[in-house]
Amino acid sequence: MPPATPEPTRPGAALELLVHGVGGTTPERMLDDPRTVRVTGDATAAIYRRTVDQHAEREPERFTDGRPVPEAYCWCNLTSGNGSRALWLLLLPFMVVNLAHWMRPPAGRKPGPGEGADTGSGSGAGPRSGSVRLYGVLVRLVALSLTVLLTAAACEVALDLTAWQCAGSARCAEERSWLGFMAADQGGWWSQPGRRLALAAVVPAALVGLLWYLSNRTWSAYEAQRPPRGDMDGDGTPDRELRPALGRPGFWYGRRLVARLRAAHTAAGVLTVAAAVGGAAARYDRHAGGTVREAVGWTLEAALALGAVVVIRVVCRRGRSEKRLDNRLDRAVVSCLPGASIALLVAAVLYAAWSRPGWRSTGTLPGDATFSVITLAQGVLVLALAAVALRMHRRAPHARTVLYGLGGPAVAMLACALGGVMSGGVAQRVADWLDGPATPGTGDDPIGPPVLLSWQASVIPVLLLLLLVPAAVLVVRTALTARRLAPVVEAEYEGEQPDVVRTRRIAGTRARAALTDTAPVMAGIVSGATLLLGAGALVGAWVSGTVPGKAFAGGHPFVESAAEAAQALGSWLIGFGFILFVTWGRRAYKDASARRTIGILWDVGTFWPRAAHPFAPPCYAERAVPDLAWRMSSWTGRTGGRLVISGHSQGSVLAAAAVWQLPAGTRRRVALLTYGSPLERLYGRWFPAYFGPGPLGALHREVHCWRNLWRRTDPIGGPVNLPAEGGKPEVDHRALRDPVVYGRTHQHPLPEPILGHGDYQADPVFAKERTVLLDRLPPALPLPAPRTGLSSDESQGSAGRSSG
């Protein structure tokens with residue numbers, strides 16, 4: 001007997017697409033049912049339904065009460081799925097500088113009706129595109145300096161401390177038996193300094209290769225998902241309206257730029273290794289007076305300088321292309337640039353391995369000059385970035401923008417500081433290990449890092465002391481705020497018997513939740529202090545030429561002892577900071593709860609595409625946003641039904657981004673419900689060009705209806721501050737009570753918890769507002785019955801794995 005033809009979809013079909021927030025969860029918890037089935041997707045990210053709702057479109061009689069069919073989109077495995085991803089914590093400086101790219105102020109004109117801010121990614125749109133392009137170029141140069149810095153740190157450890165200093169020291173080589181074949185006093189083939197450097201170059205070169213491999217592999221696994229439309233709108237006509245940045249076809253598909261930057265940063269890392277190996281040999285040949293070798297050295301250094309110029313040009317030349325889906329690749333750059341840099345590295349290794357019997361390794365490699373130039377370049381770039389950002393902010397000021405538009409430069413400075421802590425930390429710890437019981441850089445036969453790293457370590461205790469003052473102010477202010485909020489809390493629960501302990505707990509939770517709004521001030525203080533103290537360390541290293549303790553030798557005893565204490569403590573702290581990174585990553589590999597915590601960091605930090613640094617952790621939104629947009633487009637197109645996308649916390653940001661990507665015809669059938677949402681409180685303030693008043697106002701006008709739920713006890717979510725406009729009501733619901741009930745009642749005999757950022761669905765207001773949104777959507781369209789036995793979603797669902 002032929003298979004039965006399913007009934008046509010009846011008017012009233014409705015779907016609630018749930019998107020979870022930071023930290024992740026399970027489909028069973030999202031759907032409140034132990035039996036779930038995967039409808040579509042894979043083990044990384046998928047959409048689930050309750051098993052009883054698997055074929056809900058064929059059973060509309062079960063939903064005659066107006067309830068929507070619940071679906072859960074689980075994307076937590078994109079950021080915290082397995083233990084190996086916890087090691088992405090070591091890429092933290094790259095992730096932070098990538099955030100700085102997206103923190104620029106709006107381009108300088110207020111968006112008109114139906115449009116938002118321009119892309120800010122070098123697309124050339126808008127009257128202030130020159131400032132936008134310059135901002136992007138400066139951030140990309142800061143990102144390039146971080147790649148060079150961390151590669152130089154690897155060279156410092158492998159080439160300078162190990163192959164040059166320790167292998168050249170009889171005492172150190174004797175204590176490290178594994179270095180015996182390279183020891184200078186052994187007289188073997190590897191005992192010449194150039195050959196030791198050539199062999200040690202394998203370590204930093206392998207690090208650069210690993211970063212290239214991870215960037216290439218994660219792009220294929222996470223970000224190579226095309227948006228649901230190219231340049232076409234829902235009715236098949238070109239979408240020519242000036243879209244908000246996140247609604248443009250190419251925003252979530254940055255393949256071309258990532259490939260260019262990956263090639264450039266790979267080449268920069270390889271060239272850094274080649275310069276460290278070949279530069280030392282070239283300097284010796286110039287002093288030794290070997291005519292042929294000296295000419296080869298000059299030629300090699302000229303080729304390395306030319307390669308550096310090419311890399312900088314590639315980084316500066318092109319930004320993101322978002323107006324259309326750009327599938328092109330700059331194959332000449334992607335293929336030739338890394339290959340040419342590897343050829344130069346091979347030439348440098350062969351040149352360094354040239355026999356030089358009279359060469360002896362004394363002192364240190366010229367790492368001081370390298371790190372000093374990098375530090376100076378980073379400071380100049382950050383200051384230039386601050387000047388551009390401040391100029392852009394003055395053209396379109398807004399009171400809610402953090403640090404008067406200087407959020408991006410402040411975060412870029414923090415990325416440089418993190419890179420300095422990691423590079424200095426590993427150098428200090430390796431030097432301490434190689435030098436045995438002696439203090440690195442001291443003694444008769446010292447093994448120590450560059451002087452600049454010692455000066456940078458010495459300013460860390462000063463920075464921590466400076467931070468104690470604003471931290472104490474925040475503690476006192478929070479306590480005073482909690483005391484001031486106590487009568488406000490009791491007034492909100494009018495008619496309840498006051499309870500001092502209960503009131504104090506609620507007021508304290510509200511006061512602590514408000515600390516989130518002080519993050520910009522703290523970031524500004526830290527970045528400003530870091531810039532000034534870093535400049536002081538740079539000047540100290542240049543002027544004195546010695547470690548801080550020795551620089552003040554012969555002066556006042558108190559000053560000398562304070563400098564020595566700061567150096568010792570800072571050296572310990574900077575090493576401890578690096579060990580903390582490694583230990584936390586190792587713990588997260590074994591501990592699911594720690595892995596979930598690190599996953600929260602990535603949920604916030606890796607939402608944005610890799611526009612500045614290709615070695616940053618992958619952008620999960622380039623997979624999640626197309627997933628959600630495809631699901632909403634396909635379901636509404638197949639059923640003609642009503643859909644409400646319901647996003648919590650970071651899920652509300654994904655939901656908004658997906659709605660922006662929908663064709664106009666689909667957006668008219670979609671409602672947006674956000675709760676615990678950081679859309680304005682965090683994203684709107686830190687990323688004003690993309691989530692500021694202009695873009696969020698455009699989203700309010702474009703989506704059919706939108707409601708936002710929030711609590712005063714929530715440290716992450718808040719109101720989006722969008723008033724009624726064009727016949728649409730205000731987006732924000734009034735602040736939800738938390739807890740729902742103050743004391744004990746017959747309906748609530750036990751004290752209700754303070755929910756804060758979680759369990760918004762437990763509030764009765766949630767279901768009520770969801771129903772209101774569905775009622776405001778156009779009624780579902782009756783469609784003819786499909787000709788096949790099962791719909792595509794249903795056939796996939798039947799093949800899915802039940803988890804009950």
# chains A, B, ... in the order shown; residues from 1 in each chain; ligands from 1
>>> residues_around(residues="Asp499 in chain A", least_positions_apart="2", cutoff="9 Å", atoms="only C-alpha atoms", output="PyMOL selection string")
chain A and resi 490+496-497+501-504+742-743
>>> residues_around(residues="Arg668 in chain A", least_positions_apart="2", cutoff="10 Å", atoms="only C-alpha atoms", output="JSON, numbers by chain")
{"A": [642, 643, 662, 663, 664, 665, 666, 670, 671, 702, 703, 704, 705, 777, 778]}
>>> write_last_selection(atoms="all heavy atoms", output="short mmCIF file (atom, residue, chain, number, x, y, z; two decimals), in the first residue's frame")
data_model
loop_
_atom_site.label_atom_id
_atom_site.label_comp_id
_atom_site.auth_asym_id
_atom_site.auth_seq_id
_atom_site.Cartn_x
_atom_site.Cartn_y
_atom_site.Cartn_z
N ARG A 642 4.10 30.67 12.02
CA ARG A 642 4.65 31.76 12.83
C ARG A 642 5.81 31.22 13.65
O ARG A 642 5.78 30.08 14.09
CB ARG A 642 3.58 32.32 13.75
CG ARG A 642 2.33 32.83 13.03
CD ARG A 642 1.19 33.03 14.03
NE ARG A 642 0.79 31.77 14.64
CZ ARG A 642 0.20 31.66 15.83
NH1 ARG A 642 -0.04 32.76 16.55
NH2 ARG A 642 -0.15 30.49 16.31
N LEU A 643 6.82 32.06 13.84
CA LEU A 643 8.02 31.61 14.54
C LEU A 643 8.48 32.70 15.50
O LEU A 643 8.56 33.87 15.13
CB LEU A 643 9.13 31.29 13.53
CG LEU A 643 10.41 30.66 14.08
CD1 LEU A 643 11.02 29.71 13.05
CD2 LEU A 643 11.46 31.70 14.48
N LEU A 662 18.04 37.43 7.83
CA LEU A 662 16.88 36.89 7.13
C LEU A 662 16.44 37.80 5.99
O LEU A 662 16.54 39.03 6.09
CB LEU A 662 15.71 36.71 8.11
CG LEU A 662 15.89 35.67 9.22
CD1 LEU A 662 14.68 35.71 10.14
CD2 LEU A 662 16.07 34.28 8.63
N PRO A 663 15.92 37.24 4.89
CA PRO A 663 15.27 38.07 3.87
C PRO A 663 14.07 38.79 4.46
O PRO A 663 13.48 38.36 5.46
CB PRO A 663 14.86 37.05 2.80
CG PRO A 663 15.69 35.84 3.06
CD PRO A 663 15.95 35.82 4.54
N ALA A 664 13.69 39.90 3.83
CA ALA A 664 12.59 40.72 4.36
C ALA A 664 11.31 39.93 4.49
O ALA A 664 10.55 40.10 5.44
CB ALA A 664 12.39 41.95 3.47
N GLY A 665 11.02 39.05 3.53
CA GLY A 665 9.79 38.27 3.60
C GLY A 665 9.74 37.35 4.80
O GLY A 665 8.67 37.15 5.39
N THR A 666 10.89 36.79 5.18
CA THR A 666 10.94 35.91 6.34
C THR A 666 10.87 36.70 7.64
O THR A 666 10.22 36.26 8.60
CB THR A 666 12.23 35.07 6.31
OG1 THR A 666 12.30 34.36 5.08
CG2 THR A 666 12.26 34.07 7.46
N VAL A 670 8.55 36.47 11.76
CA VAL A 670 9.40 36.10 12.89
C VAL A 670 9.26 37.13 13.99
O VAL A 670 9.28 38.34 13.73
CB VAL A 670 10.87 35.97 12.45
CG1 VAL A 670 11.78 35.78 13.64
CG2 VAL A 670 11.03 34.81 11.47
N ALA A 671 9.14 36.65 15.23
CA ALA A 671 9.17 37.50 16.42
C ALA A 671 10.44 37.19 17.21
O ALA A 671 10.95 36.07 17.18
CB ALA A 671 7.94 37.27 17.29
N GLU A 702 12.80 46.52 11.68
CA GLU A 702 12.73 45.47 10.65
C GLU A 702 12.02 44.21 11.13
O GLU A 702 11.28 43.60 10.37
CB GLU A 702 14.15 45.12 10.20
CG GLU A 702 14.82 46.23 9.40
CD GLU A 702 16.24 45.85 9.02
OE1 GLU A 702 16.66 44.72 9.36
OE2 GLU A 702 16.92 46.67 8.39
N VAL A 703 12.28 43.79 12.37
CA VAL A 703 11.63 42.58 12.87
C VAL A 703 10.16 42.89 13.17
O VAL A 703 9.80 44.03 13.54
CB VAL A 703 12.36 42.06 14.12
CG1 VAL A 703 12.10 42.94 15.32
CG2 VAL A 703 11.98 40.63 14.43
N HIS A 704 9.29 41.91 12.99
CA HIS A 704 7.86 42.18 13.13
C HIS A 704 7.51 42.61 14.54
O HIS A 704 6.75 43.57 14.74
CB HIS A 704 7.05 40.94 12.73
CG HIS A 704 5.59 41.20 12.59
ND1 HIS A 704 4.74 41.25 13.68
CD2 HIS A 704 4.82 41.47 11.51
CE1 HIS A 704 3.52 41.51 13.26
NE2 HIS A 704 3.54 41.65 11.95
N CYS A 705 8.05 41.90 15.53
CA CYS A 705 7.81 42.29 16.93
C CYS A 705 8.94 41.75 17.79
O CYS A 705 9.51 40.70 17.51
CB CYS A 705 6.44 41.80 17.43
SG CYS A 705 6.03 40.09 17.02
N LEU A 777 1.95 38.16 15.39
CA LEU A 777 2.44 37.74 14.08
C LEU A 777 1.28 37.48 13.13
O LEU A 777 0.17 37.14 13.56
CB LEU A 777 3.29 36.47 14.22
CG LEU A 777 4.68 36.64 14.84
CD1 LEU A 777 5.31 35.28 15.08
CD2 LEU A 777 5.57 37.50 13.96
N PRO A 778 1.50 37.60 11.83
CA PRO A 778 0.43 37.25 10.88
C PRO A 778 0.04 35.79 11.02
O PRO A 778 0.88 34.95 11.37
CB PRO A 778 1.09 37.52 9.51
CG PRO A 778 2.22 38.43 9.79
CD PRO A 778 2.70 38.10 11.17
#
>>> residues_around(residues="range 611-626 of chain A", least_positions_apart="3", cutoff="6 Å", atoms="only C-alpha atoms", output="PyMOL selection string")
chain A and resi 78+91+94-95+98+140+143+215+222-223+225+227+252+258+261-262+606-608+629-630+658
>>> residues_around(residues="range 723-738 of chain A", least_positions_apart="3", cutoff="6 Å", atoms="only C-alpha atoms", output="PyMOL selection string")
chain A and resi 706-711+719+754
>>> atom_distance(atom1="CA of Leu149 in chain A", atom2="CA of Gln378 in chain A")
10.0 Å
>>> closest_residue(among="A:Glu71, A:Asp603, A:Asp53, A:Glu59", to="Leu31 in chain A", atoms="only C-alpha atoms")
A:Glu71
>>> closest_residue(among="A:Thr26, A:Thr364, A:Ser131, A:Thr713", to="His393 in chain A", atoms="only C-alpha atoms")
A:Ser131
>>> closest_residue(among="A:Val526, A:Leu466, A:Ala332, A:Ala457", to="Met413 in chain A", atoms="only C-alpha atoms")
A:Val526
>>> closest_residue(among="A:Ala170, A:Leu90, A:Ile525, A:Ala13", to="Leu211 in chain A", atoms="only C-alpha atoms")
A:Leu90
>>> closest_residue(among="A:Arg324, A:Arg293, A:Arg631, A:His648", to="Ile47 in chain A", atoms="only C-alpha atoms")
A:Arg631
>>> select_by_dssp(residues="range 406-509 of chain A", states="alpha helix (DSSP H)", output="PyMOL selection string")
chain A and resi 407-434+451-458+460-492+500-509
>>> write_last_selection(atoms="C-alpha atoms", output="PDB file, in the first residue's frame")
ATOM      1  CA  GLY A 407      37.271  50.996  24.260  1.00  0.00           C
ATOM      2  CA  GLY A 408      39.031  49.506  21.230  1.00  0.00           C
ATOM      3  CA  PRO A 409      42.430  51.103  21.939  1.00  0.00           C
ATOM      4  CA  ALA A 410      42.156  50.145  25.618  1.00  0.00           C
ATOM      5  CA  VAL A 411      41.460  46.515  24.730  1.00  0.00           C
ATOM      6  CA  ALA A 412      44.283  46.533  22.162  1.00  0.00           C
ATOM      7  CA  MET A 413      46.619  47.729  24.922  1.00  0.00           C
ATOM      8  CA  LEU A 414      45.419  44.902  27.172  1.00  0.00           C
ATOM      9  CA  ALA A 415      46.129  42.413  24.362  1.00  0.00           C
ATOM     10  CA  CYS A 416      49.690  43.736  24.141  1.00  0.00           C
ATOM     11  CA  ALA A 417      50.003  43.436  27.922  1.00  0.00           C
ATOM     12  CA  LEU A 418      48.809  39.820  27.818  1.00  0.00           C
ATOM     13  CA  GLY A 419      51.300  39.075  25.077  1.00  0.00           C
ATOM     14  CA  GLY A 420      54.023  40.657  27.180  1.00  0.00           C
ATOM     15  CA  VAL A 421      53.059  38.616  30.239  1.00  0.00           C
ATOM     16  CA  MET A 422      53.098  35.381  28.249  1.00  0.00           C
ATOM     17  CA  SER A 423      56.382  36.092  26.431  1.00  0.00           C
ATOM     18  CA  GLY A 424      58.101  37.457  29.525  1.00  0.00           C
ATOM     19  CA  GLY A 425      56.697  34.723  31.710  1.00  0.00           C
ATOM     20  CA  VAL A 426      57.996  31.845  29.621  1.00  0.00           C
ATOM     21  CA  ALA A 427      61.391  33.544  29.200  1.00  0.00           C
ATOM     22  CA  GLN A 428      61.717  34.210  32.940  1.00  0.00           C
ATOM     23  CA  ARG A 429      60.740  30.666  33.925  1.00  0.00           C
ATOM     24  CA  VAL A 430      63.020  28.987  31.382  1.00  0.00           C
ATOM     25  CA  ALA A 431      65.899  31.239  32.405  1.00  0.00           C
ATOM     26  CA  ASP A 432      65.291  30.405  36.059  1.00  0.00           C
ATOM     27  CA  TRP A 433      65.237  26.687  35.248  1.00  0.00           C
ATOM     28  CA  LEU A 434      68.429  26.816  33.168  1.00  0.00           C
ATOM     29  CA  VAL A 451      66.962  43.389  30.146  1.00  0.00           C
ATOM     30  CA  LEU A 452      63.674  44.851  28.906  1.00  0.00           C
ATOM     31  CA  LEU A 453      61.765  41.791  30.128  1.00  0.00           C
ATOM     32  CA  SER A 454      63.252  42.283  33.585  1.00  0.00           C
ATOM     33  CA  TRP A 455      62.170  45.933  33.588  1.00  0.00           C
ATOM     34  CA  GLN A 456      58.682  44.964  32.444  1.00  0.00           C
ATOM     35  CA  ALA A 457      58.483  42.398  35.239  1.00  0.00           C
ATOM     36  CA  SER A 458      59.506  45.004  37.801  1.00  0.00           C
ATOM     37  CA  ILE A 460      53.954  44.524  37.571  1.00  0.00           C
ATOM     38  CA  PRO A 461      53.924  44.962  41.391  1.00  0.00           C
ATOM     39  CA  VAL A 462      53.505  48.711  40.867  1.00  0.00           C
ATOM     40  CA  LEU A 463      50.544  48.077  38.571  1.00  0.00           C
ATOM     41  CA  LEU A 464      48.919  45.776  41.119  1.00  0.00           C
ATOM     42  CA  LEU A 465      49.349  48.384  43.847  1.00  0.00           C
ATOM     43  CA  LEU A 466      47.713  51.001  41.645  1.00  0.00           C
ATOM     44  CA  LEU A 467      44.746  48.713  41.061  1.00  0.00           C
ATOM     45  CA  LEU A 468      44.141  48.309  44.783  1.00  0.00           C
ATOM     46  CA  VAL A 469      42.765  51.861  44.997  1.00  0.00           C
ATOM     47  CA  PRO A 470      39.904  51.507  42.436  1.00  0.00           C
ATOM     48  CA  ALA A 471      39.182  47.997  43.739  1.00  0.00           C
ATOM     49  CA  ALA A 472      38.740  49.343  47.283  1.00  0.00           C
ATOM     50  CA  VAL A 473      36.536  52.148  45.962  1.00  0.00           C
ATOM     51  CA  LEU A 474      34.317  49.607  44.186  1.00  0.00           C
ATOM     52  CA  VAL A 475      33.974  47.499  47.331  1.00  0.00           C
ATOM     53  CA  VAL A 476      32.944  50.489  49.434  1.00  0.00           C
ATOM     54  CA  ARG A 477      30.581  51.832  46.778  1.00  0.00           C
ATOM     55  CA  THR A 478      28.907  48.459  46.358  1.00  0.00           C
ATOM     56  CA  ALA A 479      28.290  48.203  50.098  1.00  0.00           C
ATOM     57  CA  LEU A 480      26.827  51.724  50.204  1.00  0.00           C
ATOM     58  CA  THR A 481      24.648  51.007  47.160  1.00  0.00           C
ATOM     59  CA  ALA A 482      23.293  47.852  48.780  1.00  0.00           C
ATOM     60  CA  ARG A 483      22.375  49.821  51.890  1.00  0.00           C
ATOM     61  CA  ARG A 484      20.675  52.516  49.808  1.00  0.00           C
ATOM     62  CA  LEU A 485      18.681  49.925  47.839  1.00  0.00           C
ATOM     63  CA  ALA A 486      17.221  48.254  50.938  1.00  0.00           C
ATOM     64  CA  PRO A 487      14.156  50.571  51.272  1.00  0.00           C
ATOM     65  CA  VAL A 488      13.669  50.441  47.481  1.00  0.00           C
ATOM     66  CA  VAL A 489      13.446  46.649  47.593  1.00  0.00           C
ATOM     67  CA  GLU A 490      10.926  46.682  50.442  1.00  0.00           C
ATOM     68  CA  ALA A 491       8.813  49.255  48.581  1.00  0.00           C
ATOM     69  CA  GLU A 492       8.627  46.975  45.520  1.00  0.00           C
ATOM     70  CA  VAL A 500      16.108  42.452  57.206  1.00  0.00           C
ATOM     71  CA  VAL A 501      18.137  39.431  56.082  1.00  0.00           C
ATOM     72  CA  ARG A 502      16.004  38.854  52.991  1.00  0.00           C
ATOM     73  CA  THR A 503      16.081  42.516  52.031  1.00  0.00           C
ATOM     74  CA  ARG A 504      19.814  42.748  52.530  1.00  0.00           C
ATOM     75  CA  ARG A 505      20.400  39.699  50.331  1.00  0.00           C
ATOM     76  CA  ILE A 506      18.250  41.044  47.478  1.00  0.00           C
ATOM     77  CA  ALA A 507      19.776  44.516  47.696  1.00  0.00           C
ATOM     78  CA  GLY A 508      23.299  43.080  47.777  1.00  0.00           C
ATOM     79  CA  THR A 509      22.613  41.002  44.686  1.00  0.00           C
TER      80      THR A 509
END
